[in-house]
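Data file: entry_10.cif. Format and content: mmCIF, C-alpha atoms.
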data_start
loop_
_atom_site.group_PDB
_atom_site.id
_atom_site.type_symbol
_atom_site.label_atom_id
_atom_site.label_comp_id
_atom_site.auth_asym_id
_atom_site.auth_seq_id
_atom_site.Cartn_x
_atom_site.Cartn_y
_atom_site.Cartn_z
ATOM 1 C CA MET A 1 -11.963 -21.226 -9.658
ATOM 2 C CA ASN A 2 -10.471 -20.024 -6.418
ATOM 3 C CA PRO A 3 -12.036 -21.479 -3.281
ATOM 4 C CA GLU A 4 -13.789 -19.073 -0.991
ATOM 5 C CA PRO A 5 -13.091 -19.031 2.748
ATOM 6 C CA PRO A 6 -15.298 -21.559 4.531
ATOM 7 C CA ASP A 7 -18.700 -20.511 5.763
ATOM 8 C CA PRO A 8 -18.859 -19.817 9.515
ATOM 9 C CA PRO A 9 -20.624 -22.351 11.742
ATOM 10 C CA GLU A 10 -24.389 -21.931 11.726
ATOM 11 C CA PRO A 11 -25.453 -20.145 14.935
ATOM 12 C CA SER A 12 -28.692 -20.852 16.685
ATOM 13 C CA ALA A 13 -31.512 -18.401 16.076
ATOM 14 C CA ALA A 14 -31.362 -17.306 19.703
ATOM 15 C CA GLU A 15 -27.748 -16.216 19.523
ATOM 16 C CA SER A 16 -27.601 -14.917 15.946
ATOM 17 C CA ALA A 17 -30.515 -12.515 15.773
ATOM 18 C CA PRO A 18 -29.636 -9.955 18.461
ATOM 19 C CA VAL A 19 -25.899 -9.912 17.759
ATOM 20 C CA GLY A 20 -26.371 -9.700 14.006
ATOM 21 C CA ARG A 21 -28.906 -6.885 14.350
ATOM 22 C CA ARG A 22 -26.569 -4.854 16.579
ATOM 23 C CA ILE A 23 -23.641 -5.325 14.210
ATOM 24 C CA VAL A 24 -25.608 -4.360 11.090
ATOM 25 C CA LEU A 25 -27.158 -1.299 12.745
ATOM 26 C CA GLY A 26 -23.781 -0.244 14.069
ATOM 27 C CA MET A 27 -22.158 -0.537 10.655
ATOM 28 C CA LEU A 28 -24.970 1.377 8.965
ATOM 29 C CA GLY A 29 -24.779 4.169 11.523
ATOM 30 C CA LEU A 30 -21.048 4.490 11.186
ATOM 31 C CA GLY A 31 -21.300 4.404 7.395
ATOM 32 C CA VAL A 32 -23.688 7.361 7.303
ATOM 33 C CA ALA A 33 -21.652 9.398 9.749
ATOM 34 C CA GLY A 34 -18.483 8.603 7.818
ATOM 35 C CA VAL A 35 -19.553 10.899 5.001
ATOM 36 C CA ALA A 36 -19.045 13.852 7.326
ATOM 37 C CA ALA A 37 -15.998 12.648 9.258
ATOM 38 C CA ALA A 38 -14.364 9.954 7.144
ATOM 39 C CA PRO A 39 -10.792 9.781 8.508
ATOM 40 C CA VAL A 40 -11.747 9.632 12.176
ATOM 41 C CA LEU A 41 -14.646 7.273 11.640
ATOM 42 C CA GLN A 42 -12.612 4.956 9.423
ATOM 43 C CA ARG A 43 -10.283 4.362 12.353
ATOM 44 C CA GLY A 44 -13.281 3.889 14.623
ATOM 45 C CA LEU A 45 -14.944 1.501 12.180
ATOM 46 C CA GLU A 46 -11.798 -0.593 11.934
ATOM 47 C CA SER A 47 -11.630 -0.897 15.733
ATOM 48 C CA PHE A 48 -15.363 -1.644 15.929
ATOM 49 C CA LEU A 49 -15.236 -4.436 13.357
ATOM 50 C CA GLY A 50 -12.057 -5.839 14.819
ATOM 51 C CA ALA A 51 -13.714 -6.199 18.208
ATOM 52 C CA ALA A 52 -17.023 -7.380 16.754
ATOM 53 C CA ALA A 53 -15.408 -10.048 14.563
ATOM 54 C CA GLY A 54 -14.310 -11.994 17.609
ATOM 55 C CA LYS A 55 -17.830 -11.987 19.080
ATOM 56 C CA ASP A 56 -19.965 -12.319 15.976
ATOM 57 C CA PRO A 57 -21.530 -15.777 15.567
ATOM 58 C CA THR A 58 -23.316 -14.675 12.375
ATOM 59 C CA GLY A 59 -20.188 -14.204 10.257
ATOM 60 C CA LEU A 60 -21.504 -10.825 9.030
ATOM 61 C CA THR A 61 -18.321 -8.946 9.908
ATOM 62 C CA GLY A 62 -16.297 -11.254 7.676
ATOM 63 C CA LEU A 63 -18.338 -10.217 4.636
ATOM 64 C CA LEU A 64 -17.625 -6.489 4.783
ATOM 65 C CA PRO A 65 -14.429 -4.437 4.439
ATOM 66 C CA ASN A 66 -13.615 -2.245 7.403
ATOM 67 C CA GLY A 67 -12.592 1.412 7.301
ATOM 68 C CA GLY A 68 -9.063 0.484 6.244
ATOM 69 C CA GLY A 69 -10.254 -1.699 3.385
ATOM 70 C CA PHE A 70 -9.365 -5.026 5.015
ATOM 71 C CA ARG A 71 -11.638 -7.960 5.708
ATOM 72 C CA TYR A 72 -11.400 -10.140 8.780
ATOM 73 C CA TYR A 73 -10.778 -13.816 8.118
ATOM 74 C CA SER A 74 -10.215 -16.688 10.511
ATOM 75 C CA VAL A 75 -10.376 -20.409 9.834
ATOM 76 C CA ALA A 76 -10.674 -21.295 13.522
ATOM 77 C CA ALA A 77 -13.775 -21.061 15.673
ATOM 78 C CA SER A 78 -11.892 -18.826 18.117
ATOM 79 C CA VAL A 79 -8.369 -17.494 18.536
ATOM 80 C CA PRO A 80 -6.789 -16.873 21.948
ATOM 81 C CA HIS A 81 -5.403 -13.429 22.672
ATOM 82 C CA LYS A 82 -1.673 -13.243 23.411
ATOM 83 C CA ARG A 83 -0.365 -10.583 25.767
ATOM 84 C CA VAL A 84 3.162 -9.193 25.618
ATOM 85 C CA ALA A 85 4.091 -11.295 28.639
ATOM 86 C CA ASP A 86 2.950 -14.645 27.245
ATOM 87 C CA TYR A 87 3.730 -14.391 23.521
ATOM 88 C CA ARG A 88 6.454 -16.710 22.210
ATOM 89 C CA LEU A 89 7.791 -17.378 18.694
ATOM 90 C CA THR A 90 9.847 -20.524 18.163
ATOM 91 C CA VAL A 91 12.413 -21.123 15.420
ATOM 92 C CA ASP A 92 13.329 -24.785 15.000
ATOM 93 C CA GLY A 93 13.638 -27.664 12.549
ATOM 94 C CA LEU A 94 16.744 -28.045 10.380
ATOM 95 C CA VAL A 95 18.759 -25.430 12.280
ATOM 96 C CA ASP A 96 21.855 -25.504 14.473
ATOM 97 C CA ARG A 97 20.553 -23.058 17.075
ATOM 98 C CA PRO A 98 16.820 -23.376 17.809
ATOM 99 C CA ALA A 99 15.470 -20.275 19.516
ATOM 100 C CA THR A 100 12.429 -18.894 21.263
ATOM 101 C CA TYR A 101 11.700 -15.165 21.029
ATOM 102 C CA THR A 102 9.558 -13.061 23.305
ATOM 103 C CA LEU A 103 7.778 -10.043 21.879
ATOM 104 C CA ASP A 104 10.276 -7.737 23.582
ATOM 105 C CA ALA A 105 13.166 -9.694 22.065
ATOM 106 C CA LEU A 106 11.698 -9.301 18.575
ATOM 107 C CA ARG A 107 11.182 -5.587 19.152
ATOM 108 C CA ALA A 108 14.842 -5.223 20.153
ATOM 109 C CA LEU A 109 16.057 -6.519 16.774
ATOM 110 C CA PRO A 110 16.622 -4.183 13.780
ATOM 111 C CA GLN A 111 13.288 -3.314 12.171
ATOM 112 C CA THR A 112 12.500 -2.979 8.468
ATOM 113 C CA ARG A 113 9.540 -0.905 7.220
ATOM 114 C CA LEU A 114 7.858 -1.628 3.891
ATOM 115 C CA VAL A 115 4.979 0.151 2.192
ATOM 116 C CA ARG A 116 3.218 -1.981 -0.414
ATOM 117 C CA ASP A 117 -0.256 -2.699 -1.687
ATOM 118 C CA VAL A 118 -1.987 -5.667 -0.078
ATOM 119 C CA GLN A 119 -3.824 -7.943 -2.517
ATOM 120 C CA CYS A 120 -6.259 -10.635 -1.434
ATOM 121 C CA VAL A 121 -6.863 -13.554 -3.780
ATOM 122 C CA THR A 122 -10.605 -12.964 -3.385
ATOM 123 C CA GLY A 123 -10.207 -9.626 -5.178
ATOM 124 C CA TRP A 124 -9.964 -6.757 -2.690
ATOM 125 C CA ARG A 125 -6.846 -4.607 -2.514
ATOM 126 C CA VAL A 126 -5.570 -2.080 0.048
ATOM 127 C CA PRO A 127 -2.996 0.315 -1.444
ATOM 128 C CA GLY A 128 0.066 1.690 0.327
ATOM 129 C CA THR A 129 -0.091 -0.321 3.546
ATOM 130 C CA PRO A 130 2.924 0.045 5.885
ATOM 131 C CA PHE A 131 4.282 -3.046 7.623
ATOM 132 C CA ALA A 132 7.339 -3.151 9.875
ATOM 133 C CA GLY A 133 9.193 -5.922 11.635
ATOM 134 C CA VAL A 134 12.177 -8.229 11.553
ATOM 135 C CA ARG A 135 13.320 -9.676 8.266
ATOM 136 C CA LEU A 136 12.689 -13.408 8.324
ATOM 137 C CA SER A 137 16.155 -13.935 6.841
ATOM 138 C CA ARG A 138 17.688 -12.423 10.006
ATOM 139 C CA LEU A 139 15.982 -15.019 12.220
ATOM 140 C CA LEU A 140 17.012 -17.819 9.859
ATOM 141 C CA ASP A 141 20.632 -16.653 9.845
ATOM 142 C CA ALA A 142 20.647 -16.441 13.636
ATOM 143 C CA ALA A 143 19.346 -20.013 13.829
ATOM 144 C CA GLY A 144 21.935 -21.377 11.387
ATOM 145 C CA VAL A 145 20.094 -23.192 8.602
ATOM 146 C CA ARG A 146 21.521 -26.650 7.991
ATOM 147 C CA PRO A 147 22.540 -28.113 4.618
ATOM 148 C CA GLY A 148 19.662 -29.949 3.028
ATOM 149 C CA ALA A 149 17.057 -27.402 4.137
ATOM 150 C CA GLY A 150 14.816 -26.191 1.367
ATOM 151 C CA ALA A 151 11.718 -24.599 2.880
ATOM 152 C CA VAL A 152 10.177 -22.900 5.898
ATOM 153 C CA ARG A 153 6.862 -23.879 7.490
ATOM 154 C CA PHE A 154 4.804 -21.471 9.586
ATOM 155 C CA THR A 155 2.343 -22.407 12.319
ATOM 156 C CA CYS A 156 -0.090 -20.187 14.164
ATOM 157 C CA PHE A 157 -1.539 -20.030 17.653
ATOM 158 C CA ASP A 158 -5.077 -20.326 16.335
ATOM 159 C CA GLY A 159 -4.179 -24.025 16.226
ATOM 160 C CA THR A 160 -5.284 -24.448 12.605
ATOM 161 C CA TYR A 161 -3.592 -22.206 10.046
ATOM 162 C CA THR A 162 -0.303 -23.157 8.376
ATOM 163 C CA GLU A 163 1.779 -21.774 5.520
ATOM 164 C CA SER A 164 5.086 -22.494 3.777
ATOM 165 C CA LEU A 165 7.683 -20.770 1.627
ATOM 166 C CA THR A 166 10.717 -22.097 -0.163
ATOM 167 C CA LEU A 167 13.947 -21.154 1.583
ATOM 168 C CA GLU A 168 14.788 -18.814 -1.291
ATOM 169 C CA GLN A 169 11.424 -17.055 -0.956
ATOM 170 C CA ALA A 170 11.773 -16.829 2.822
ATOM 171 C CA ARG A 171 15.127 -15.079 2.506
ATOM 172 C CA ARG A 172 13.765 -12.240 0.386
ATOM 173 C CA ASP A 173 14.213 -8.739 1.791
ATOM 174 C CA ASP A 174 10.451 -8.123 1.540
ATOM 175 C CA VAL A 175 9.407 -10.999 3.817
ATOM 176 C CA LEU A 176 8.931 -9.877 7.414
ATOM 177 C CA VAL A 177 8.000 -11.204 10.801
ATOM 178 C CA ALA A 178 5.736 -8.202 11.256
ATOM 179 C CA LEU A 179 5.148 -6.423 14.564
ATOM 180 C CA SER A 180 3.575 -3.287 13.106
ATOM 181 C CA MET A 181 0.849 -2.712 10.527
ATOM 182 C CA GLN A 182 -0.373 0.703 9.403
ATOM 183 C CA ASP A 183 2.264 2.199 11.761
ATOM 184 C CA LYS A 184 0.774 0.722 14.923
ATOM 185 C CA PRO A 185 1.176 -2.641 16.672
ATOM 186 C CA VAL A 186 -0.496 -5.474 14.791
ATOM 187 C CA SER A 187 -3.918 -5.881 16.400
ATOM 188 C CA HIS A 188 -5.381 -9.225 17.367
ATOM 189 C CA ALA A 189 -7.937 -9.004 14.534
ATOM 190 C CA HIS A 190 -5.118 -8.482 12.024
ATOM 191 C CA GLY A 191 -3.129 -11.440 13.354
ATOM 192 C CA GLY A 192 -1.194 -9.848 16.196
ATOM 193 C CA PRO A 193 0.837 -9.451 18.133
ATOM 194 C CA VAL A 194 3.057 -10.994 15.425
ATOM 195 C CA ARG A 195 2.193 -12.086 11.906
ATOM 196 C CA LEU A 196 4.037 -13.010 8.745
ATOM 197 C CA TYR A 197 4.134 -10.500 5.883
ATOM 198 C CA VAL A 198 5.077 -11.701 2.389
ATOM 199 C CA ALA A 199 4.899 -8.518 0.323
ATOM 200 C CA PRO A 200 4.911 -9.877 -3.270
ATOM 201 C CA MET A 201 2.406 -12.689 -2.668
ATOM 202 C CA TYR A 202 -1.332 -12.923 -2.156
ATOM 203 C CA PHE A 203 -2.276 -12.128 1.423
ATOM 204 C CA TYR A 204 -3.126 -15.708 2.415
ATOM 205 C CA LYS A 205 0.643 -16.348 2.495
ATOM 206 C CA SER A 206 1.005 -13.715 5.260
ATOM 207 C CA ALA A 207 -0.004 -16.012 8.107
ATOM 208 C CA LYS A 208 -1.760 -14.389 11.063
ATOM 209 C CA TRP A 209 -1.120 -15.154 14.756
ATOM 210 C CA LEU A 210 2.364 -16.466 14.009
ATOM 211 C CA SER A 211 3.814 -18.804 16.641
ATOM 212 C CA GLY A 212 6.249 -21.148 14.901
ATOM 213 C CA ILE A 213 8.908 -21.026 12.176
ATOM 214 C CA THR A 214 10.208 -24.483 11.251
ATOM 215 C CA VAL A 215 12.928 -25.067 8.668
ATOM 216 C CA THR A 216 12.125 -28.175 6.616
ATOM 217 C CA GLY A 217 13.548 -30.166 3.745
ATOM 218 C CA LYS A 218 10.785 -29.322 1.299
ATOM 219 C CA VAL A 219 7.634 -27.244 1.031
ATOM 220 C CA ARG A 220 4.551 -28.591 2.754
ATOM 221 C CA ARG A 221 1.289 -27.188 1.479
ATOM 222 C CA GLY A 222 -0.466 -24.789 3.833
ATOM 223 C CA PHE A 223 -4.090 -24.540 4.896
ATOM 224 C CA TRP A 224 -5.389 -22.893 1.709
ATOM 225 C CA GLU A 225 -3.070 -24.783 -0.637
ATOM 226 C CA GLU A 226 -4.681 -27.978 0.635
ATOM 227 C CA ARG A 227 -7.972 -26.455 -0.528
ATOM 228 C CA GLY A 228 -6.905 -25.471 -4.037
ATOM 229 C CA TYR A 229 -4.877 -22.258 -3.870
ATOM 230 C CA ASP A 230 -1.448 -22.086 -5.517
ATOM 231 C CA THR A 231 1.573 -22.843 -3.345
ATOM 232 C CA ASP A 232 3.600 -20.177 -5.165
ATOM 233 C CA ALA A 233 1.292 -17.203 -4.754
ATOM 234 C CA TRP A 234 2.935 -14.337 -6.650
ATOM 235 C CA VAL A 235 0.424 -11.531 -7.114
ATOM 236 C CA GLY A 236 -0.699 -11.392 -10.752
ATOM 237 C CA ARG A 237 1.077 -14.626 -11.702
ATOM 238 C CA SER A 238 -0.868 -17.296 -9.832
ATOM 239 C CA ASN A 239 -4.336 -18.529 -8.937
ATOM 240 C CA GLY A 240 -5.546 -17.623 -12.423
ATOM 241 C CA ARG A 241 -5.553 -13.897 -11.576
ATOM 242 C CA ASP A 242 -3.969 -10.955 -13.403
ATOM 243 C CA ASP A 243 -3.757 -8.411 -10.561
ATOM 244 C CA HIS A 244 -1.050 -5.777 -10.736
ATOM 245 C CA PRO A 245 1.995 -6.890 -8.700
ATOM 246 C CA THR A 246 2.295 -5.481 -5.176
ATOM 247 C CA SER A 247 6.078 -5.109 -5.303
#
So that I can check it, write out the structure of this file as structure tokens.
Amino acid sequence: MNPEPPDPPEPSAAESAPVGRRIVLGMLGLGVAGVAAAPVLQRGLESFLGAAAGKDPTGLTGLLPNGGGFRYYSVAASVPHKRVADYRLTVDGLVDRPATYTLDALRALPQTRLVRDVQCVTGWRVPGTPFAGVRLSRLLDAAGVRPGAGAVRFTCFDGTYTESLTLEQARRDDVLVALSMQDKPVSHAHGGPVRLYVAPMYFYKSAKWLSGITVTGKVRRGFWEERGYDTDAWVGRSNGRDDHPTS
């Protein structure tokens, strides 16, 4: 059986009741109005839940899909926001030319746009989701991967989440360091300003709040692999699921 994301910390009654009540009432109100104005309100609902998720001690926002069909997951108690000016992505490990990229530097590189379904291992799916960014293989080539390297490890500025891919998987054309999601900059709630996007794998491989890319000798299990998920997470061919492939 696949493990579920961990339960959020138990809030005190004093802090949970008023926030939870406001969130639930807000979601119900938007849901009713959405019947009459679905496209506009879906965008509004996504923004509302994205903002509420970071301030919700009850965990209620993590249980419901937003207007775009996504759910908000975080394994850390809080995640700092990164502005354009202070975001950095490091590439290091078994490479000849370690590098640090600013957000502007990543934006200046050639961009690749993909449109694929997103499949979560917990069962929900969002069809036809555009992602755009820099192919991970381009950053690896620029760094000069050394002989003996066999994998890539990803770290995140939430201070907790990690992921890994084999070097062969990381070099696929459908693996991006994503700057755009749904044709707009990746929001903080969706793992911005920069996240990983691994199109053919379950969404837990697409690490949010990406801050480090480290070339290693072998695969090291990531956060969810340490808790029972498959390390090779091909959609429909892992984790005991038979979902239709996303690419």
Within 6 Å of Pro98 of chain A, counting all atoms listed in the file, which residues qualify if same-chain residues fewer than 6 places away don't, as a ChimeraX atom specification? /A:91-92,143
Selected residues written out with C-alpha atoms, as a compact mmCIF listing (two decimals), keeping the file's coordinate frame:
# COMPACT_ATOMS: atom_id res chain seq x y z
CA VAL A 91 12.41 -21.12 15.42
CA ASP A 92 13.33 -24.78 15.00
CA ALA A 143 19.35 -20.01 13.83
Between A:Pro193, A:Pro80, A:Gly144, A:Gly150, smallest distance to Ser164 of chain A by only C-alpha atoms belongs to A:Gly150
Under the rule that all atoms listed in the file are counted, which of A:Gly123, A:Gly191, A:Gly128, A:Pro147 is the nearest residue to Leu210 of chain A? A:Gly191
Counting only C-alpha atoms, what is within 7 Å of Tyr197 of chain A, bar same-chain residues fewer than 3 positions away, as a PyMOL selection string? chain A and resi 175-178+206
Counting only C-alpha atoms, figure out which residue out of A:Pro127, A:Gly240, A:Pro200, A:Gly212 gets nearest to Tyr101 of chain A.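 Closest candidate: A:Gly212.
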Can you list, as a count of residues only, every protein, DNA or RNA residue that comes within 10 Å of Gly133 of chain A when you count all atoms listed in the file, leaving out same-chain residues fewer than 3 positions away? 20
Work out how far atom CA of Thr214 of chain A is from atom CA of Phe154 of chain A, in Å to one decimal.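 Going from atom CA of Phe154 of chain A over to atom CA of Thr214 of chain A covers 6.4 Å.
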Separation of atom CA of Arg220 of chain A from atom CA of Leu140 of chain A, in Å and rounded to one decimal: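 Spanning atom CA of Arg220 of chain A to atom CA of Leu140 of chain A is a straight-line distance of 17.9 Å.
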Shortest interatomic distance to Thr102 of chain A - which of A:Thr246, A:Val198, A:Val84, A:Leu167, counting all atoms listed in the file: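 Closest to Thr102 of chain A, using all atoms listed in the file: A:Val84.
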Tell me which of A:His81, A:Arg135, A:Lys208, A:Arg146 sits closest to Arg97 of chain A, counting all atoms listed in the file.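 Ranking A:His81, A:Arg135, A:Lys208, A:Arg146 by distance to Arg97 of chain A, first place goes to A:Arg146.
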Report the distance between atom CA of Asp243 of chain A and atom CA of Val126 of chain A in Å, rounded to one decimal place. 12.5 Å
Residue with smallest distance to His188 of chain A - pool A:Asp242, A:Asp158, A:Asp232, A:Asp96, counting only C-alpha atoms: A:Asp158
Mind checking which residues fall within 12 Å of Asp230 of chain A, counting only C-alpha atoms, ignoring those fewer than 2 positions away in the same chain, and posting them as an NGL selection string? :A and (1-3 or 121 or 163-165 or 201-202 or 204-205 or 221-228 or 232-241)
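Shown here are all protein and nucleic acid residues lying within 12 Å of (-2.9, -25.7, 17.3), with only C-alpha atoms considered: A:Val75, A:Ala76, A:Ala77, A:Ser78, A:Val79, A:Pro80, A:Phe154, A:Thr155, A:Cys156, A:Phe157, A:Asp158, A:Gly159, A:Thr160, A:Tyr161, A:Thr162, A:Trp209, A:Leu210, A:Ser211, A:Gly212.
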